[in-house]
Amino acid sequence: MRRVILAVTGTIAGLVALLSFKSHVPSAPVAATTGGTGGTSASSSPGSASSSGGGQTEVVPGAFPQGSIAKNLPAGETAVDGKMASTSYGPVQIQLIKQNGKIVKVAVLMQPTNTLNDVQIGKFAFPKLIRETLAAQNGKIDAVSGATYTSAGYIQSLQSALDKRS
């Protein structure tokens, strides 16, 4: 009888602990990443920038920053917009900044923002996709697990930007 009571009590305690678990939510919005294959870091306060290992992340106010980074480009840099890719959750569009044929910056111009989950997936996936793009310097990058549709849209827009002659 004691074993049954202990088993039931343990099961109830485990179930309560499981149901009260809160998952981690990413909190670093990233608009554009600069630099070569160095690491990147994101700042959690809007309007600030931080750098690590040769890379720089620009953060713009908003749920997830969107917009062109091609304002006042230095000589030798060219902005190339990718085509908008339609995904099941909304449009994805990126912009590349190239210098001497090398990708030096990537920005997300459009991303799905219909739900809070869409925004959270973007905050999680786009920094990884940008980092891979800067490292690979081509469209052959891996999709981010848990963001399959967003990754596919990013890669499609990236490839269309790479296909344009600049």
# chains A, B, ... in the order shown; residues from 1 in each chain; ligands from 1
$ residues_around --residues "Gly82 (chain A)" --least-positions-apart "6" --cutoff "9 Å" --atoms "only C-alpha atoms" --output "VMD selection string"
chain A and resid 93 to 96 156 to 164
$ residues_around --residues "Ala152 (chain A)" --least-positions-apart "3" --cutoff "8 Å" --atoms "only C-alpha atoms" --output "list in words"
Thr87, Ala143, Thr148, Tyr149, Ile155 and Gln156 of chain A
$ closest_residue --among "A:Thr9, A:Ala147, A:Val104, A:Gly153" --to "Lys123 (chain A)" --atoms "only C-alpha atoms"
A:Ala147
$ select_by_dssp --residues "region 64-153 of chain A" --states "strand (DSSP E or B)" --output "compact mmCIF listing (two decimals) with all heavy atoms, in the first residue's frame"
# COMPACT_ATOMS: atom_id res chain seq x y z
N GLU A 77 31.16 49.41 -52.47
CA GLU A 77 30.13 48.50 -51.96
C GLU A 77 28.88 48.62 -52.82
O GLU A 77 28.51 49.71 -53.24
CB GLU A 77 29.81 48.80 -50.50
CG GLU A 77 30.91 48.39 -49.55
CD GLU A 77 30.49 48.46 -48.09
OE1 GLU A 77 29.38 48.91 -47.79
OE2 GLU A 77 31.32 48.08 -47.24
N THR A 78 28.26 47.49 -53.06
CA THR A 78 27.06 47.43 -53.88
C THR A 78 25.95 46.71 -53.13
O THR A 78 26.19 45.65 -52.55
CB THR A 78 27.35 46.65 -55.18
OG1 THR A 78 28.50 47.20 -55.80
CG2 THR A 78 26.17 46.72 -56.13
N ALA A 79 24.74 47.26 -53.14
CA ALA A 79 23.59 46.62 -52.52
C ALA A 79 22.85 45.80 -53.56
O ALA A 79 22.62 46.26 -54.68
CB ALA A 79 22.66 47.66 -51.92
N VAL A 80 22.47 44.59 -53.20
CA VAL A 80 21.71 43.71 -54.08
C VAL A 80 20.53 43.16 -53.29
O VAL A 80 20.72 42.49 -52.28
CB VAL A 80 22.58 42.55 -54.61
CG1 VAL A 80 21.77 41.68 -55.56
CG2 VAL A 80 23.85 43.05 -55.27
N ASP A 81 19.32 43.47 -53.74
CA ASP A 81 18.12 42.95 -53.10
C ASP A 81 17.73 41.61 -53.73
O ASP A 81 17.71 41.48 -54.95
CB ASP A 81 16.94 43.91 -53.26
CG ASP A 81 17.11 45.18 -52.45
OD1 ASP A 81 18.08 45.28 -51.69
OD2 ASP A 81 16.26 46.08 -52.59
N ALA A 85 10.51 35.94 -51.33
CA ALA A 85 10.12 34.53 -51.37
C ALA A 85 8.88 34.35 -50.50
O ALA A 85 8.88 34.74 -49.33
CB ALA A 85 11.26 33.66 -50.86
N SER A 86 7.85 33.77 -51.07
CA SER A 86 6.63 33.50 -50.31
C SER A 86 6.76 32.17 -49.60
O SER A 86 7.11 31.17 -50.21
CB SER A 86 5.43 33.46 -51.24
OG SER A 86 5.21 34.73 -51.80
N THR A 87 6.49 32.18 -48.28
CA THR A 87 6.50 30.94 -47.51
C THR A 87 5.09 30.73 -46.95
O THR A 87 4.23 31.60 -47.07
CB THR A 87 7.50 31.01 -46.34
OG1 THR A 87 7.03 31.92 -45.35
CG2 THR A 87 8.89 31.42 -46.82
N GLY A 90 4.53 33.62 -44.49
CA GLY A 90 4.66 35.01 -44.92
C GLY A 90 5.89 35.21 -45.78
O GLY A 90 6.67 34.28 -46.02
N PRO A 91 6.11 36.45 -46.26
CA PRO A 91 7.21 36.71 -47.17
C PRO A 91 8.56 36.81 -46.46
O PRO A 91 8.64 37.22 -45.30
CB PRO A 91 6.83 38.06 -47.77
CG PRO A 91 6.05 38.73 -46.70
CD PRO A 91 5.29 37.63 -46.02
N VAL A 92 9.62 36.44 -47.19
CA VAL A 92 10.99 36.60 -46.72
C VAL A 92 11.78 37.25 -47.84
O VAL A 92 11.69 36.81 -49.00
CB VAL A 92 11.64 35.24 -46.35
CG1 VAL A 92 13.10 35.44 -45.95
CG2 VAL A 92 10.88 34.55 -45.24
N GLN A 93 12.51 38.31 -47.52
CA GLN A 93 13.36 38.97 -48.50
C GLN A 93 14.63 39.46 -47.81
O GLN A 93 14.57 39.96 -46.69
CB GLN A 93 12.65 40.15 -49.16
CG GLN A 93 13.47 40.81 -50.26
CD GLN A 93 12.76 41.98 -50.92
OE1 GLN A 93 11.83 42.53 -50.36
NE2 GLN A 93 13.22 42.34 -52.10
N ILE A 94 15.76 39.30 -48.48
CA ILE A 94 17.02 39.74 -47.91
C ILE A 94 17.71 40.72 -48.85
O ILE A 94 17.35 40.86 -50.02
CB ILE A 94 17.96 38.55 -47.59
CG1 ILE A 94 18.32 37.74 -48.84
CG2 ILE A 94 17.34 37.64 -46.58
CD1 ILE A 94 19.71 37.97 -49.28
N GLN A 95 18.72 41.40 -48.30
CA GLN A 95 19.54 42.32 -49.07
C GLN A 95 21.01 42.01 -48.74
O GLN A 95 21.36 41.84 -47.57
CB GLN A 95 19.23 43.77 -48.71
CG GLN A 95 20.06 44.78 -49.47
CD GLN A 95 19.73 46.20 -49.03
OE1 GLN A 95 19.98 46.56 -47.89
NE2 GLN A 95 19.13 46.97 -49.92
N LEU A 96 21.83 41.95 -49.78
CA LEU A 96 23.26 41.72 -49.61
C LEU A 96 24.01 43.01 -49.89
O LEU A 96 23.63 43.78 -50.76
CB LEU A 96 23.76 40.67 -50.61
CG LEU A 96 23.17 39.28 -50.58
CD1 LEU A 96 23.75 38.45 -51.71
CD2 LEU A 96 23.42 38.62 -49.25
N ILE A 97 25.09 43.22 -49.17
CA ILE A 97 26.03 44.28 -49.50
C ILE A 97 27.32 43.56 -49.90
O ILE A 97 27.87 42.79 -49.11
CB ILE A 97 26.30 45.23 -48.32
CG1 ILE A 97 25.00 45.87 -47.83
CG2 ILE A 97 27.33 46.29 -48.70
CD1 ILE A 97 24.33 46.80 -48.81
N LYS A 98 27.76 43.82 -51.13
CA LYS A 98 28.96 43.18 -51.64
C LYS A 98 30.07 44.21 -51.79
O LYS A 98 29.82 45.37 -52.12
CB LYS A 98 28.70 42.54 -53.00
CG LYS A 98 27.82 41.33 -52.97
CD LYS A 98 27.67 40.78 -54.37
CE LYS A 98 27.16 39.38 -54.37
NZ LYS A 98 27.14 38.83 -55.74
N GLN A 99 31.27 43.77 -51.54
CA GLN A 99 32.45 44.60 -51.74
C GLN A 99 33.50 43.72 -52.42
O GLN A 99 33.91 42.70 -51.86
CB GLN A 99 32.97 45.14 -50.42
CG GLN A 99 34.14 46.09 -50.58
CD GLN A 99 34.55 46.68 -49.24
OE1 GLN A 99 34.42 46.05 -48.20
NE2 GLN A 99 35.05 47.90 -49.29
N LYS A 102 32.66 40.08 -52.67
CA LYS A 102 32.51 39.34 -51.43
C LYS A 102 31.32 39.89 -50.64
O LYS A 102 31.13 41.10 -50.55
CB LYS A 102 33.79 39.47 -50.60
CG LYS A 102 33.78 38.67 -49.34
CD LYS A 102 35.09 38.79 -48.59
CE LYS A 102 35.01 38.00 -47.30
NZ LYS A 102 36.19 38.16 -46.48
N ILE A 103 30.53 39.01 -50.05
CA ILE A 103 29.40 39.42 -49.22
C ILE A 103 29.95 39.94 -47.89
O ILE A 103 30.63 39.21 -47.18
CB ILE A 103 28.42 38.26 -48.96
CG1 ILE A 103 27.90 37.70 -50.28
CG2 ILE A 103 27.27 38.72 -48.07
CD1 ILE A 103 27.16 36.38 -50.13
N VAL A 104 29.66 41.22 -47.57
CA VAL A 104 30.15 41.79 -46.33
C VAL A 104 29.03 42.10 -45.33
O VAL A 104 29.29 42.24 -44.14
CB VAL A 104 30.99 43.08 -46.57
CG1 VAL A 104 32.28 42.73 -47.29
CG2 VAL A 104 30.21 44.13 -47.32
N LYS A 105 27.79 42.21 -45.81
CA LYS A 105 26.65 42.46 -44.94
C LYS A 105 25.42 41.75 -45.50
O LYS A 105 25.29 41.58 -46.70
CB LYS A 105 26.31 43.95 -44.83
CG LYS A 105 27.36 44.80 -44.19
CD LYS A 105 26.92 46.26 -44.16
CE LYS A 105 28.04 47.15 -43.65
NZ LYS A 105 27.65 48.57 -43.71
N VAL A 106 24.53 41.38 -44.60
CA VAL A 106 23.25 40.79 -45.00
C VAL A 106 22.18 41.40 -44.11
O VAL A 106 22.37 41.54 -42.90
CB VAL A 106 23.25 39.25 -44.81
CG1 VAL A 106 21.89 38.67 -45.18
CG2 VAL A 106 24.35 38.60 -45.62
N ALA A 107 21.06 41.79 -44.71
CA ALA A 107 19.94 42.32 -43.94
C ALA A 107 18.66 41.60 -44.34
O ALA A 107 18.50 41.19 -45.48
CB ALA A 107 19.77 43.81 -44.18
N VAL A 108 17.77 41.47 -43.40
CA VAL A 108 16.45 40.89 -43.65
C VAL A 108 15.52 42.07 -43.93
O VAL A 108 15.28 42.90 -43.07
CB VAL A 108 15.97 40.07 -42.44
CG1 VAL A 108 14.55 39.58 -42.68
CG2 VAL A 108 16.91 38.92 -42.17
N LEU A 109 15.01 42.15 -45.16
CA LEU A 109 14.10 43.23 -45.53
C LEU A 109 12.66 42.91 -45.14
O LEU A 109 11.92 43.78 -44.72
CB LEU A 109 14.17 43.51 -47.04
CG LEU A 109 15.53 43.95 -47.58
CD1 LEU A 109 15.45 44.14 -49.09
CD2 LEU A 109 15.99 45.21 -46.90
N MET A 110 12.27 41.63 -45.30
CA MET A 110 10.92 41.19 -44.93
C MET A 110 11.01 39.84 -44.28
O MET A 110 11.85 39.01 -44.65
CB MET A 110 10.03 41.07 -46.17
CG MET A 110 9.50 42.37 -46.69
SD MET A 110 8.19 42.09 -47.89
CE MET A 110 9.16 41.83 -49.36
